[in-house]
Structure formats: structure tokens, C-alpha cells
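**Q** I am sharing query.tsv, which consists of TSV, C-alpha atoms:
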chain	number	residue	atom	x	y	z
I	1	MET	CA	123.87	-83.51	-79.57
I	2	ARG	CA	122.96	-79.91	-79.59
I	3	ARG	CA	124.98	-78.25	-82.18
I	4	VAL	CA	125.19	-77.21	-85.73
I	5	LEU	CA	128.20	-78.05	-87.74
I	6	ALA	CA	128.86	-76.71	-91.14
I	7	ILE	CA	131.56	-78.86	-92.54
I	8	SER	CA	133.46	-78.24	-95.66
I	9	ILE	CA	133.83	-81.61	-97.30
I	10	LEU	CA	136.12	-80.37	-99.96
I	11	SER	CA	139.31	-78.79	-98.81
I	12	GLY	CA	139.37	-75.15	-99.70
I	13	ALA	CA	135.68	-75.00	-100.48
I	14	SER	CA	133.75	-72.28	-98.79
I	15	VAL	CA	130.45	-72.95	-97.17
I	16	VAL	CA	127.42	-72.24	-99.25
I	17	PHE	CA	123.78	-72.37	-98.35
I	18	ALA	CA	122.24	-75.70	-99.02
I	19	PHE	CA	119.23	-74.19	-100.71
I	20	ARG	CA	120.85	-71.63	-102.90
I	21	PHE	CA	121.99	-71.94	-106.41
I	22	ALA	CA	125.57	-70.93	-106.64
I	23	PRO	CA	128.29	-71.22	-109.20
I	24	PRO	CA	130.61	-74.16	-108.64
I	25	GLN	CA	132.95	-73.47	-105.75
I	26	SER	CA	135.09	-76.40	-106.57
I	27	GLY	CA	134.72	-79.51	-108.61
I	28	ALA	CA	135.14	-83.14	-107.85
I	29	ILE	CA	134.71	-85.55	-110.70
I	30	THR	CA	134.83	-89.19	-109.79
I	31	ALA	CA	136.42	-91.07	-112.60
I	32	ASP	CA	134.69	-94.40	-112.13
I	33	ASP	CA	131.25	-92.93	-112.51
I	34	PRO	CA	129.75	-93.08	-115.98
I	35	THR	CA	127.88	-89.81	-115.59
I	36	PRO	CA	129.99	-86.76	-114.95
I	37	TYR	CA	128.96	-84.70	-112.01
I	38	GLU	CA	130.39	-82.11	-109.74
I	39	VAL	CA	129.92	-81.55	-106.08
I	40	ILE	CA	129.19	-77.90	-105.93
I	41	THR	CA	128.50	-77.16	-102.31
I	42	THR	CA	129.29	-78.49	-98.93
I	43	THR	CA	127.42	-80.62	-96.48
I	44	THR	CA	125.56	-79.06	-93.64
I	45	ARG	CA	124.70	-81.10	-90.61
I	46	VAL	CA	121.65	-79.98	-88.72
I	47	SER	CA	120.94	-81.49	-85.36
I	48	PRO	CA	117.78	-80.67	-83.49
I	49	GLY	CA	117.48	-78.01	-80.97
I	50	VAL	CA	120.72	-76.43	-81.83
I	51	THR	CA	123.05	-73.99	-80.29
I	52	ALA	CA	125.50	-72.67	-82.76
I	53	THR	CA	129.18	-72.89	-82.22
I	54	PRO	CA	131.09	-70.35	-84.28
I	55	LEU	CA	129.64	-70.46	-87.73
I	56	PRO	CA	130.98	-69.04	-90.92
I	57	PRO	CA	129.26	-65.73	-91.59
I	58	LEU	CA	127.38	-67.01	-94.63
I	59	THR	CA	125.74	-69.95	-92.91
I	60	THR	CA	122.19	-69.79	-91.69
I	61	THR	CA	120.87	-71.91	-88.88
I	62	THR	CA	117.78	-73.89	-89.65
I	63	THR	CA	115.70	-74.54	-86.59
I	64	LEU	CA	113.66	-77.61	-87.16
I	65	PRO	CA	111.02	-78.87	-84.76
I	66	LEU	CA	112.53	-82.33	-84.58
I	67	PRO	CA	111.89	-84.88	-81.87
I	68	PRO	CA	114.86	-85.88	-79.71
I	69	GLY	CA	117.27	-88.30	-81.31
I	70	VAL	CA	116.39	-87.22	-84.81
I	71	THR	CA	119.07	-85.80	-87.05
I	72	VAL	CA	118.56	-84.41	-90.51
I	73	ILE	CA	121.54	-84.30	-92.83
I	74	GLU	CA	121.50	-82.54	-96.12
I	75	GLY	CA	123.72	-84.09	-98.73
I	76	PRO	CA	125.75	-81.85	-101.00
I	77	LEU	CA	124.21	-80.27	-104.04
I	78	VAL	CA	125.42	-82.30	-106.98
I	79	ARG	CA	125.34	-80.88	-110.44
I	80	MET	CA	124.54	-83.18	-113.30
I	81	ASN	CA	123.78	-82.34	-116.88
I	82	ARG	CA	120.05	-82.04	-116.25
I	83	GLY	CA	120.22	-79.87	-113.19
I	84	ILE	CA	121.05	-80.01	-109.53
I	85	VAL	CA	120.30	-82.88	-107.20
I	86	GLN	CA	120.33	-83.06	-103.45
I	87	VAL	CA	119.18	-85.64	-100.96
I	88	THR	CA	118.40	-85.18	-97.30
I	89	ILE	CA	118.52	-88.08	-94.91
I	90	THR	CA	116.86	-88.43	-91.55
I	91	LEU	CA	118.25	-90.50	-88.73
I	92	GLU	CA	116.70	-91.57	-85.50
I	93	TYR	CA	119.30	-92.43	-82.90
I	94	GLY	CA	121.73	-93.19	-85.68
I	95	THR	CA	119.40	-95.36	-87.74
I	96	LEU	CA	118.51	-94.19	-91.19
I	97	ILE	CA	114.76	-93.79	-91.35
I	98	ASP	CA	114.20	-91.67	-94.41
I	99	VAL	CA	115.82	-90.49	-97.60
I	100	GLU	CA	114.28	-87.63	-99.46
I	101	MET	CA	115.24	-85.89	-102.66
I	102	THR	CA	115.09	-82.25	-101.69
I	103	ARG	CA	116.29	-80.85	-104.95
I	104	TYR	CA	115.85	-82.37	-108.33
I	105	PRO	CA	116.30	-81.23	-111.89
I	106	THR	CA	113.43	-79.03	-112.94
I	107	SER	CA	111.83	-79.26	-116.31
I	108	ASP	CA	112.54	-76.40	-118.63
I	109	ARG	CA	109.54	-76.72	-120.91
I	110	ARG	CA	106.11	-78.21	-120.79
I	111	ALA	CA	105.08	-80.70	-123.38
I	112	THR	CA	102.60	-79.68	-125.99
I	113	GLN	CA	99.06	-80.38	-124.99
I	114	ILE	CA	97.34	-83.09	-126.94
I	115	SER	CA	93.68	-83.85	-126.75
I	116	LEU	CA	92.57	-87.40	-126.10
I	117	ASP	CA	89.70	-88.83	-124.17
I	118	ALA	CA	90.93	-90.05	-120.83
I	119	GLU	CA	90.69	-89.23	-117.18
I	120	PRO	CA	92.79	-86.40	-115.79
I	121	MET	CA	95.65	-87.25	-113.52
I	122	LEU	CA	95.66	-86.17	-109.94
I	123	GLU	CA	97.22	-82.77	-109.62
I	124	GLU	CA	96.32	-81.58	-106.19
I	125	GLU	CA	97.11	-84.46	-103.90
I	126	ALA	CA	100.38	-84.31	-102.09
I	127	LEU	CA	102.80	-87.16	-102.34
I	128	GLU	CA	103.40	-88.20	-98.78
I	129	SER	CA	104.18	-91.80	-98.13
I	130	GLN	CA	103.82	-91.11	-94.43
I	131	SER	CA	100.28	-89.87	-94.84
I	132	ALA	CA	97.54	-92.10	-93.56
I	133	ASP	CA	96.10	-93.16	-96.85
I	134	ILE	CA	99.29	-94.02	-98.72
I	135	HIS	CA	101.47	-96.99	-97.90
I	136	ILE	CA	104.13	-96.69	-100.55
I	137	VAL	CA	105.04	-94.68	-103.63
I	138	SER	CA	106.01	-95.94	-107.09
I	139	GLY	CA	107.91	-93.95	-109.67
I	140	ALA	CA	111.64	-93.80	-110.01
I	141	THR	CA	113.23	-90.51	-109.18
I	142	GLU	CA	116.03	-91.93	-107.15
I	143	THR	CA	118.12	-93.58	-109.79
I	144	SER	CA	120.52	-90.90	-110.88
I	145	HIS	CA	124.17	-91.08	-110.09
I	146	ALA	CA	124.00	-87.56	-108.74
I	147	TYR	CA	121.35	-88.73	-106.30
I	148	ILE	CA	123.48	-91.60	-105.13
I	149	LYS	CA	126.50	-89.32	-104.86
I	150	SER	CA	124.62	-86.88	-102.68
I	151	LEU	CA	123.22	-89.74	-100.60
I	152	ARG	CA	126.64	-91.28	-100.06
I	153	GLU	CA	128.05	-87.97	-98.88
I	154	ALA	CA	125.18	-87.57	-96.46
I	155	LEU	CA	125.66	-91.11	-95.19
I	156	GLN	CA	129.34	-90.51	-94.71
I	157	GLU	CA	128.43	-87.49	-92.67
I	158	ALA	CA	126.28	-89.76	-90.57
I	159	ARG	CA	129.07	-92.35	-90.45
I	160	ILE	CA	126.72	-94.97	-91.68
I	161	SER	CA	128.32	-97.57	-93.84
I	162	SER	CA	127.10	-96.97	-97.32
I	163	ASP	CA	127.11	-99.02	-100.44
I	164	ARG	CA	130.54	-100.26	-101.41
K	1	MET	CA	109.95	-100.12	-88.96
K	2	LEU	CA	111.79	-98.73	-91.95
K	3	LEU	CA	115.20	-99.85	-93.13
K	4	THR	CA	116.88	-98.00	-95.96
K	5	GLU	CA	119.81	-99.31	-97.93
K	6	PRO	CA	121.61	-97.96	-100.99
K	7	LEU	CA	121.87	-100.84	-103.47
K	8	MET	CA	122.19	-101.31	-107.22
K	9	GLY	CA	122.68	-97.62	-107.85
K	10	THR	CA	119.46	-96.70	-106.15
K	11	VAL	CA	117.71	-96.86	-102.80
K	12	PHE	CA	115.91	-99.80	-101.27
K	13	ARG	CA	113.56	-99.43	-98.35
K	14	PHE	CA	112.06	-102.23	-96.29
K	15	ALA	CA	108.93	-101.48	-94.30
K	16	VAL	CA	108.50	-104.38	-91.88
K	17	PRO	CA	106.32	-104.75	-88.79
K	18	ASP	CA	107.73	-103.26	-85.59
K	19	GLY	CA	109.57	-105.90	-83.66
K	20	THR	CA	110.96	-107.66	-86.71
K	21	PRO	CA	114.55	-108.65	-85.88
K	22	GLU	CA	116.90	-106.46	-87.87
K	23	HIS	CA	119.12	-109.42	-88.81
K	24	VAL	CA	116.25	-110.85	-90.84
K	25	VAL	CA	116.17	-107.76	-93.01
K	26	ARG	CA	119.98	-107.77	-93.12
K	27	GLU	CA	119.80	-111.27	-94.57
K	28	ALA	CA	117.61	-110.00	-97.39
K	29	VAL	CA	120.03	-107.11	-97.93
K	30	GLU	CA	122.94	-109.53	-98.12
K	31	TRP	CA	121.12	-111.42	-100.85
K	32	LEU	CA	120.60	-108.19	-102.77
K	33	ARG	CA	124.27	-107.33	-102.41
K	34	TRP	CA	125.20	-110.70	-103.83
K	35	VAL	CA	122.86	-110.08	-106.76
K	36	GLU	CA	124.43	-106.67	-107.33
K	37	GLY	CA	127.94	-108.08	-107.31
K	38	THR	CA	126.97	-110.89	-109.65
K	39	PHE	CA	124.79	-109.03	-112.13
K	40	SER	CA	126.21	-105.50	-112.20
K	41	THR	CA	127.45	-104.32	-115.58
K	42	PHE	CA	129.33	-101.54	-113.80
K	43	ARG	CA	131.65	-104.12	-112.27
K	44	PRO	CA	133.94	-105.67	-114.85
K	45	ASP	CA	134.48	-108.72	-112.65
K	46	SER	CA	130.80	-109.57	-112.22
K	47	ALA	CA	129.55	-112.80	-113.78
K	48	VAL	CA	127.28	-110.91	-116.17
K	49	SER	CA	130.07	-108.58	-117.28
K	50	ARG	CA	132.37	-111.51	-117.92
K	51	ILE	CA	129.70	-113.38	-119.86
K	52	GLY	CA	129.11	-110.30	-121.99
K	53	LEU	CA	132.82	-109.88	-122.58
K	54	GLY	CA	133.24	-113.56	-123.40
K	55	THR	CA	135.57	-114.41	-120.54
K	56	LEU	CA	133.05	-116.60	-118.73
K	57	ASN	CA	131.10	-119.44	-120.27
K	58	LEU	CA	127.43	-119.55	-119.48
K	59	GLU	CA	127.68	-123.11	-118.18
K	60	ASN	CA	130.26	-122.01	-115.62
K	61	ALA	CA	128.12	-119.13	-114.38
K	62	PRO	CA	126.05	-119.32	-111.19
K	63	VAL	CA	122.72	-121.06	-111.67
K	64	GLU	CA	120.87	-117.83	-110.85
K	65	VAL	CA	122.59	-116.08	-113.73
K	66	ARG	CA	121.66	-118.80	-116.19
K	67	GLN	CA	118.08	-118.76	-114.97
K	68	VAL	CA	117.79	-114.99	-115.21
K	69	LEU	CA	119.29	-114.82	-118.68
K	70	SER	CA	116.94	-117.51	-119.88
K	71	TRP	CA	113.92	-115.69	-118.42
K	72	CYS	CA	115.14	-112.53	-120.11
K	73	GLU	CA	115.20	-114.36	-123.45
K	74	GLU	CA	111.60	-115.44	-122.85
K	75	LEU	CA	110.60	-111.90	-121.99
K	76	GLU	CA	112.27	-110.58	-125.11
K	77	GLU	CA	110.21	-112.98	-127.19
K	78	ALA	CA	106.95	-112.29	-125.36
K	79	THR	CA	107.39	-108.53	-125.64
K	80	GLU	CA	108.35	-108.87	-129.30
K	81	GLY	CA	111.76	-107.38	-128.69
K	82	ARG	CA	110.61	-104.37	-126.69
K	83	PHE	CA	112.40	-105.73	-123.67
K	84	SER	CA	115.93	-106.76	-124.51
K	85	ILE	CA	119.14	-107.26	-122.60
K	86	ARG	CA	121.18	-106.31	-125.68
K	87	PRO	CA	123.15	-104.19	-126.31
K	88	GLY	CA	122.87	-102.64	-122.87
K	89	ARG	CA	124.34	-99.30	-121.99
K	90	PRO	CA	127.13	-97.75	-124.05
K	91	GLY	CA	130.48	-98.81	-122.71
K	92	GLY	CA	128.94	-101.80	-120.98
K	93	PRO	CA	129.71	-105.46	-121.57
K	94	GLY	CA	127.11	-105.85	-124.31
K	95	ILE	CA	124.38	-107.42	-122.22
K	96	ASP	CA	122.39	-105.86	-119.41
K	97	PRO	CA	119.59	-107.73	-117.66
K	98	ALA	CA	119.14	-104.90	-115.11
K	99	GLY	CA	115.57	-104.20	-116.29
K	100	PHE	CA	114.56	-107.57	-114.91
K	101	VAL	CA	117.16	-108.26	-112.25
K	102	LYS	CA	116.27	-105.55	-109.80
K	103	GLY	CA	112.62	-106.59	-109.61
K	104	TRP	CA	113.42	-110.29	-109.61
K	105	SER	CA	115.92	-109.87	-106.79
K	106	VAL	CA	113.20	-108.12	-104.76
K	107	ASP	CA	110.79	-111.01	-105.39
K	108	GLU	CA	113.46	-113.32	-104.04
K	109	ALA	CA	114.29	-111.02	-101.11
K	110	ALA	CA	110.61	-111.22	-100.20
K	111	ARG	CA	110.96	-115.00	-99.99
K	112	VAL	CA	113.86	-114.57	-97.61
K	113	LEU	CA	111.65	-112.52	-95.30
K	114	GLN	CA	108.75	-114.94	-95.63
K	115	THR	CA	110.84	-117.96	-94.70
K	116	ARG	CA	111.82	-116.02	-91.57
K	117	GLU	CA	108.13	-115.62	-90.79
K	118	VAL	CA	107.86	-111.96	-91.68
K	119	ASP	CA	104.50	-112.04	-93.40
K	120	ASP	CA	103.40	-108.44	-93.90
K	121	PHE	CA	105.84	-106.01	-95.42
K	122	SER	CA	106.68	-103.85	-98.38
K	123	ILE	CA	109.93	-103.40	-100.26
K	124	TYR	CA	110.66	-100.21	-102.17
K	125	ALA	CA	113.39	-100.53	-104.78
K	126	GLY	CA	114.18	-97.28	-106.53
K	127	GLY	CA	110.60	-96.49	-107.42
K	128	ASP	CA	109.38	-100.05	-107.87
K	129	VAL	CA	107.45	-101.62	-105.04
K	130	LEU	CA	106.45	-105.04	-103.79
K	131	CYS	CA	103.74	-105.40	-101.15
K	132	VAL	CA	103.27	-108.68	-99.32
K	133	GLY	CA	100.58	-109.77	-96.87
K	134	GLU	CA	98.41	-107.32	-94.97
K	135	PRO	CA	98.91	-103.58	-95.30
K	136	PRO	CA	99.66	-101.55	-92.15
K	137	SER	CA	96.16	-100.09	-92.38
K	138	GLY	CA	93.00	-100.88	-94.28
K	139	ASP	CA	92.31	-103.91	-96.48
K	140	ARG	CA	94.41	-103.12	-99.49
K	141	TRP	CA	97.80	-101.59	-100.12
K	142	ARG	CA	97.53	-98.04	-101.33
K	143	VAL	CA	100.29	-97.26	-103.79
K	144	ALA	CA	100.76	-93.71	-105.02
K	145	ILE	CA	102.18	-93.18	-108.48
K	146	ARG	CA	104.41	-90.15	-108.78
K	147	HIS	CA	103.17	-87.31	-110.90
K	148	PRO	CA	105.31	-87.08	-114.03
K	149	ASP	CA	105.52	-83.29	-113.85
K	150	ARG	CA	106.24	-83.03	-110.16
K	151	PRO	CA	107.58	-86.45	-109.18
K	152	ASP	CA	108.64	-85.48	-105.70
K	153	GLU	CA	105.60	-83.48	-104.79
K	154	ALA	CA	102.40	-84.81	-106.27
K	155	ARG	CA	100.63	-88.02	-107.09
K	156	GLY	CA	99.55	-88.74	-110.60
K	157	ALA	CA	97.31	-91.59	-109.53
K	158	THR	CA	96.64	-93.90	-106.62
K	159	LEU	CA	96.28	-97.66	-106.86
K	160	GLU	CA	94.71	-100.04	-104.37
K	161	ILE	CA	96.16	-103.50	-104.67
K	162	PRO	CA	95.54	-106.65	-102.63
K	163	GLY	CA	99.31	-107.22	-102.65
K	164	GLY	CA	101.91	-107.73	-105.33
K	165	ALA	CA	104.13	-105.51	-107.38
K	166	VAL	CA	103.96	-102.08	-108.98
K	167	ALA	CA	106.79	-101.02	-111.28
K	168	THR	CA	106.98	-97.60	-112.89
K	169	SER	CA	109.13	-96.62	-115.83
K	170	ALA	CA	109.37	-92.93	-116.57
K	171	ALA	CA	111.43	-90.07	-117.84
K	172	TYR	CA	110.73	-87.37	-115.33
K	173	TYR	CA	113.16	-84.86	-116.69
K	174	ARG	CA	111.43	-83.52	-119.70
K	175	GLY	CA	113.99	-81.12	-120.98
K	176	ASP	CA	115.89	-84.02	-122.45
K	177	HIS	CA	113.42	-85.49	-124.79
K	178	ILE	CA	110.62	-83.20	-125.84
K	179	ARG	CA	112.64	-81.50	-128.50
K	180	GLY	CA	113.12	-83.04	-131.87
K	181	THR	CA	111.02	-85.63	-133.60
K	182	HIS	CA	110.59	-88.09	-130.77
K	183	ARG	CA	108.00	-86.25	-128.77
K	184	ARG	CA	106.97	-88.33	-125.82
K	185	LEU	CA	103.30	-88.73	-125.16
K	186	VAL	CA	103.62	-91.23	-122.36
K	187	ALA	CA	105.29	-89.68	-119.36
K	188	SER	CA	105.21	-92.75	-117.16
K	189	VAL	CA	104.18	-96.39	-117.39
K	190	SER	CA	103.15	-98.33	-114.32
K	191	VAL	CA	102.59	-102.08	-114.37
K	192	ALA	CA	100.88	-103.93	-111.52
K	193	GLY	CA	100.91	-107.69	-111.08
K	194	PRO	CA	102.12	-110.55	-108.93
K	195	ARG	CA	105.87	-110.46	-109.62
K	196	LEU	CA	108.08	-107.38	-109.56
K	197	GLY	CA	110.66	-108.81	-111.97
K	198	ILE	CA	108.03	-109.23	-114.68
K	199	ALA	CA	106.28	-105.94	-113.87
K	200	ASP	CA	109.62	-104.11	-114.07
K	201	ALA	CA	110.51	-105.64	-117.43
K	202	LEU	CA	107.03	-104.94	-118.85
K	203	ALA	CA	107.06	-101.31	-117.71
K	204	THR	CA	110.44	-100.87	-119.37
K	205	ALA	CA	109.19	-102.51	-122.56
K	206	ILE	CA	106.01	-100.44	-122.78
K	207	PHE	CA	107.83	-97.22	-122.08
K	208	ALA	CA	110.46	-98.02	-124.69
K	209	ASP	CA	107.96	-97.86	-127.54
K	210	GLN	CA	105.70	-95.33	-125.84
K	211	ALA	CA	102.82	-97.79	-125.61
K	212	ALA	CA	102.54	-97.73	-129.39
K	213	SER	CA	100.97	-101.17	-129.19
K	214	LEU	CA	99.76	-103.08	-126.16
K	215	ASP	CA	98.29	-106.07	-127.98
K	216	TRP	CA	101.19	-108.23	-126.94
K	217	MET	CA	100.28	-107.58	-123.28
K	218	GLY	CA	97.61	-110.26	-123.81
K	219	ARG	CA	100.42	-112.70	-123.04
K	220	PHE	CA	100.49	-111.31	-119.51
K	221	PRO	CA	96.89	-111.58	-118.31
K	222	GLU	CA	97.82	-111.03	-114.66
K	223	TYR	CA	99.43	-107.67	-115.31
K	224	GLY	CA	97.66	-104.32	-115.64
K	225	VAL	CA	99.03	-101.15	-117.22
K	226	LEU	CA	98.52	-97.52	-116.22
K	227	LEU	CA	99.83	-94.76	-118.47
K	228	LEU	CA	100.30	-91.20	-117.29
K	229	GLY	CA	100.37	-89.01	-120.36
K	230	ALA	CA	102.34	-85.89	-121.10
K	231	ASP	CA	98.91	-84.38	-121.77
K	232	GLY	CA	97.89	-84.70	-118.13
K	233	MET	CA	95.59	-87.66	-118.70
K	234	MET	CA	95.81	-91.20	-117.44
K	235	ARG	CA	94.87	-94.32	-119.38
K	236	TRP	CA	94.73	-97.93	-118.35
K	237	THR	CA	94.18	-101.49	-119.45
K	238	GLU	CA	91.25	-103.62	-118.36
K	239	GLN	CA	93.31	-105.51	-115.78
K	240	MET	CA	94.29	-102.24	-114.12
K	241	LYS	CA	90.80	-100.82	-113.93
K	242	ALA	CA	89.81	-102.48	-110.66
K	243	LEU	CA	93.02	-101.32	-109.00
K	244	ILE	CA	92.66	-97.60	-109.64
K	245	ALA	CA	91.53	-95.85	-106.47
K	246	ARG	CA	91.73	-92.48	-108.24
I'd like the structure from this file rewritten - as C-alpha cells, please.
**A**
Amino acid sequence: MRRVLAISILSGASVVFAFRFAPPQSGAITADDPTPYEVITTTTRVSPGVTATPLPPLTTTTTLPLPPGVTVIEGPLVRMNRGIVQVTITLEYGTLIDVEMTRYPTSDRRATQISLDAEPMLEEEALESQSADIHIVSGATETSHAYIKSLREALQEARISSDR
Amino acid sequence: MLLTEPLMGTVFRFAVPDGTPEHVVREAVEWLRWVEGTFSTFRPDSAVSRIGLGTLNLENAPVEVRQVLSWCEELEEATEGRFSIRPGRPGGPGIDPAGFVKGWSVDEAARVLQTREVDDFSIYAGGDVLCVGEPPSGDRWRVAIRHPDRPDEARGATLEIPGGAVATSAAYYRGDHIRGTHRRLVASVSVAGPRLGIADALATAIFADQAASLDWMGRFPEYGVLLLGADGMMRWTEQMKALIAR
């Protein structure tokens, strides 16, 4: 599995960088979803170690130092009303081992500071569930429909059966 | 060993000891799928949707549905209406027990694993977590709480729990709600305690009125509350104090 495929999941859509904001290339609204969203870019499959077969001129190759058997798949960027969402999944020999939100809506303003006597929150510590001193992370960021949409696309790329 | 599964509009992740037979986890996932199909308000043919729409009598509903709805009534009373299954989301069937069901179904999924002699594991359900038995390292489970400003990058706090549930209710996308009169002071509410169903419902209830009053939490002596404020400060109840690692 040494190759990079850049696959256009929407017919007629051109390939766009996964990490670049771009105007919508094409839209796909799914009617049964309560929150409107659009798929605005395509899915890029990145396998480790990577020799490129002919790639569209706009596509960059990401070389990731991945162990053998590990595949990282970036889901499409999905636009929702609060911003753009993207998930990236990691597989090890075809088994899903991680799901990560690699792009999420950014806040546009900071709340007004208020002054109350309490302890400051942690600011500096990284959130890494894999790190030695953390077993699990609480706090819902993975509940948006855009997230699920991006995840499903990535899973389809991986040909893993996803939620019905 | 990690097993990830999209369920109930979010992501579930089972962390079980290496060597656990995958079919055991699959059994728990099948239970969760059944719960989703039975309780989803996004599926017009689910038992809950049909009850809400009046096409299914409560007495003809599965026993789990009747149990859950009755627990939800109790929770509504105990939280003085802060937690409520009515009216549910716009366009829904008029009732929505989702704020309790997800956590409750995880509590039950944990029983499935335990009866199959999986003793030490954690289940992540869209930001809510349940830890059972011994942690993979150390004496206590270390649970990070996402930072409300940078939920995918930084921790706002870290808890150390002997086991049990942590549920977090939050609005991480601030652009939506800081304008206008309803300025949010509480960015996220985490509740820790023995059962995830209860913790989930309590976090939802506290967040709904922005922790305006917590007196009623006296009815839940086993559950602690941690608030991460929009002002960058964290606050907690007495029951939570011993669990805060920093």
C-alpha cells in the first residue's frame, strides 16, 4: 500500500487541499439531515511511505512518519453555519484506531472578562489522550452533524461499515 | 485496544484490555444500536418518536422505554425542571430523552462487558466518559476536561477519579451565543459520579440555567460539579474537590 490517491468524491469537483480554506467547489445537501451543510472539498487518502502516481497539479503530498499498516484518511471539509469541520481517521491494518477532529469552527470573539474569585483553568497543557498521564478526555466536540458527515465520508473511503 | 464506532450521531470509543475478544465489544455495540433505533427522535419509526406522536401507547412500548421515561420524569422533578424531555428539538416528536439515554445506554453497555468478564475498561461516548475497574496506569483514572476556548487542543482541568462517569455539557462555539442579552458565563459543566446517565442529565440541567442555582444538587450527594467559566476560571462543588488533580 504505497501510494497516494486523491479522489474526487463529488463528480465534477476539483481537488482542493485538505487544509486550505476555499470557496465551495460544489455543494451536496443531504435532505434528511436537520442541519444544512455542504461538502466543500474532496477526500484525500494518505497512505504511509508513499510514491505518488500521477497527481493533479494542485495536490500536495504529505509525507507522514507512519508505522507500517497505518493509514490516515482525511474526511472532507464540511461547511456548517458555524464554520468548517473536518475529521481525520487513523487505521491500523484496516481497523479504526482513532478519530480526530482536525478542523473545527473557530470562535470569532472572546467573551468579556469578568472578575470572580476562583482558580484559573489550565491553559498550557496539551490535550493528548495518548499521553502517559491522561486516560480519557471529556467534553463534547464531536456531536455536530458536520462532524459525523465528514467521519462517514472518511469511513467510506476506508470501506469500513459506518453507522446506518 | 481501542474500538471506535459512530453511534447516536456521535462517536463512541471503547478502550478495553489487549486480548479482549472483539465480539464482546461488538455485543455492547449491538446493544447501543438497539437503543439508538428505539430511542432516536430522528427516526420517525422509533418507539420514542411514536410515543411522542401518539401512535404508540406507553404500555405497548418496550420495558426499557417505559423505565427510561419514568426515570426522566424523576430527574425532571429532582432538577426542578432544568432537565426535561419536553418539548425536545424543533421538528421532533415532542419528547426527547436523549440527554439521559446516551449516558444510560453506556452504563448498560458497561454491564454487558462486565458479564463477559471484561473488568477494566473505559467507554467514551461523544465527550462523556465512563471508567470501570483499574486504569491502564496508576491508581486512578485521569480524565482531562477539554478547554472551552480550545476544545481540541488544550485541557481546562484534569480530574482523578477512582472510576465512574464524567459528563460534560458545553457550548464550545462561542460566536453563537455571546451576543445579545444572554451572555454565557459558564462555558462548560462537568459532572462526575457513579452513573453516566445521571451525570449526563445533571450536566445538561446545570448548563441549561448556567449554574444559576446549584442548591438542588443536594439531592445528588454522589455527584460533583466542575464549572469552567468564560472568564478563564474554574469552580467546583464540595463533592468534586477531591477529584480535581489540577
**Q** Which chain K residues have any atom within 8 Å of an atom of chain I, and for each, what is the nearest pair of atoms with distance in Å to one decimal, counting only C-alpha atoms, rows sorted by chain and number, as a tab-separated table?
**A**
residue	atom	partner	partner_atom	distance
K:Leu2	CA	I:Ile97	CA	5.8
K:Leu3	CA	I:Ile97	CA	6.3
K:Thr4	CA	I:Leu96	CA	6.3
K:Glu5	CA	I:Ser162	CA	7.7
K:Pro6	CA	I:Asp163	CA	5.6
K:Leu7	CA	I:Asp163	CA	6.3
K:Gly9	CA	I:Thr143	CA	6.4
K:Thr10	CA	I:Thr143	CA	5.0
K:Val11	CA	I:Glu142	CA	6.8
K:Ser122	CA	I:Ile136	CA	7.9
K:Tyr124	CA	I:Ile136	CA	7.6
K:Gly126	CA	I:Ala140	CA	5.5
K:Gly127	CA	I:Ala140	CA	3.9
K:Asp128	CA	I:Ser138	CA	5.4
K:Val129	CA	I:Ser138	CA	6.2
K:Pro135	CA	I:His135	CA	7.5
K:Pro136	CA	I:His135	CA	7.6
K:Trp141	CA	I:His135	CA	6.3
K:Arg142	CA	I:Ile134	CA	5.1
K:Val143	CA	I:Ile136	CA	5.1
K:Ala144	CA	I:Val137	CA	4.6
K:Ile145	CA	I:Ser138	CA	4.9
K:Arg146	CA	I:Gly139	CA	5.2
K:His147	CA	I:Glu123	CA	7.6
K:Asp149	CA	I:Ser107	CA	7.9
K:Pro151	CA	I:Thr141	CA	7.0
K:Asp152	CA	I:Leu127	CA	6.9
K:Glu153	CA	I:Leu127	CA	5.2
K:Ala154	CA	I:Leu127	CA	4.6
K:Arg155	CA	I:Leu127	CA	5.3
K:Gly156	CA	I:Leu122	CA	4.7
K:Ala157	CA	I:Leu122	CA	5.7
K:Val166	CA	I:Ser138	CA	6.7
K:Ala167	CA	I:Ser138	CA	6.6
K:Thr168	CA	I:Gly139	CA	5.0
K:Ser169	CA	I:Gly139	CA	6.8
K:Ala170	CA	I:Ala140	CA	7.0
K:Tyr172	CA	I:Thr141	CA	7.3
K:Tyr173	CA	I:Ser107	CA	5.8
K:Arg174	CA	I:Ser107	CA	5.5
K:Gly175	CA	I:Asp108	CA	5.5
K:Asp176	CA	I:Arg82	CA	7.7
K:Ile178	CA	I:Ala111	CA	6.6
K:Ser190	CA	I:Gly139	CA	8.0
K:Leu228	CA	I:Met121	CA	7.2
K:Ala230	CA	I:Ala111	CA	6.3
K:Asp231	CA	I:Gln113	CA	5.1
K:Gly232	CA	I:Met121	CA	5.7
K:Met233	CA	I:Pro120	CA	4.2
K:Met234	CA	I:Glu119	CA	5.5
K:Arg235	CA	I:Ala118	CA	6.0
K:Arg246	CA	I:Leu122	CA	7.6
**Q** For CA of Phe207 in chain K and CA of Ala47 in chain K, determine how far apart the two atoms are, in Å to one decimal place.
**A**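 CA of Ala47 in chain K lies 28.0 Å from CA of Phe207 in chain K.
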**Q** Expressed in Å to a single decimal, how great is the separation between CA of Ala165 in chain K and CA of Val112 in chain K?
**A**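 Calculated distance between CA of Ala165 in chain K and CA of Val112 in chain K is 16.5 Å.
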**Q** So, with only C-alpha atoms as the atoms that count, which of K:Ser70, K:Ser213, K:Ser49, K:Thr20 lies closest to Thr237 in chain K?
**A** K:Ser213
**Q** Could you tell me which of K:Arg86, K:Pro162, K:Leu185, K:Val25 comes closest to Glu117 in chain K if we count all atoms listed in the file?
**A**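 For Glu117 in chain K, the nearest of the given residues is K:Val25.
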**Q** Take CA of Ile244 in chain K and CA of Gly218 in chain K and report the distance between them in Å, one decimal.
**A**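 Pair CA of Ile244 in chain K / CA of Gly218 in chain K returns 19.6 Å.
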**Q** List the neighbours of Phe83 in chain K out to 10 Å using all atoms listed in the file; skip same-chain residues closer than 4 positions along the sequence, and give me the result as a list in words.
**A**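 What passes the distance filter is Cys72, Glu73, Glu74, Leu75, Glu76, Glu77, Ala78, Thr79, Pro97, Gly99, Phe100, Ala201, Leu202, Ala203, Thr204, Ala205, Ile206, Phe207, Ala208 and Asp209 of chain K.
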**Q** Can you find the residues with an atom no farther than 7 Å from (124.8, -83.3, -101.5), counting only C-alpha atoms, and report them as JSON, numbers by chain?
**A** {"I": [43, 74, 75, 76, 77, 78, 86, 87, 150, 151, 153, 154]}
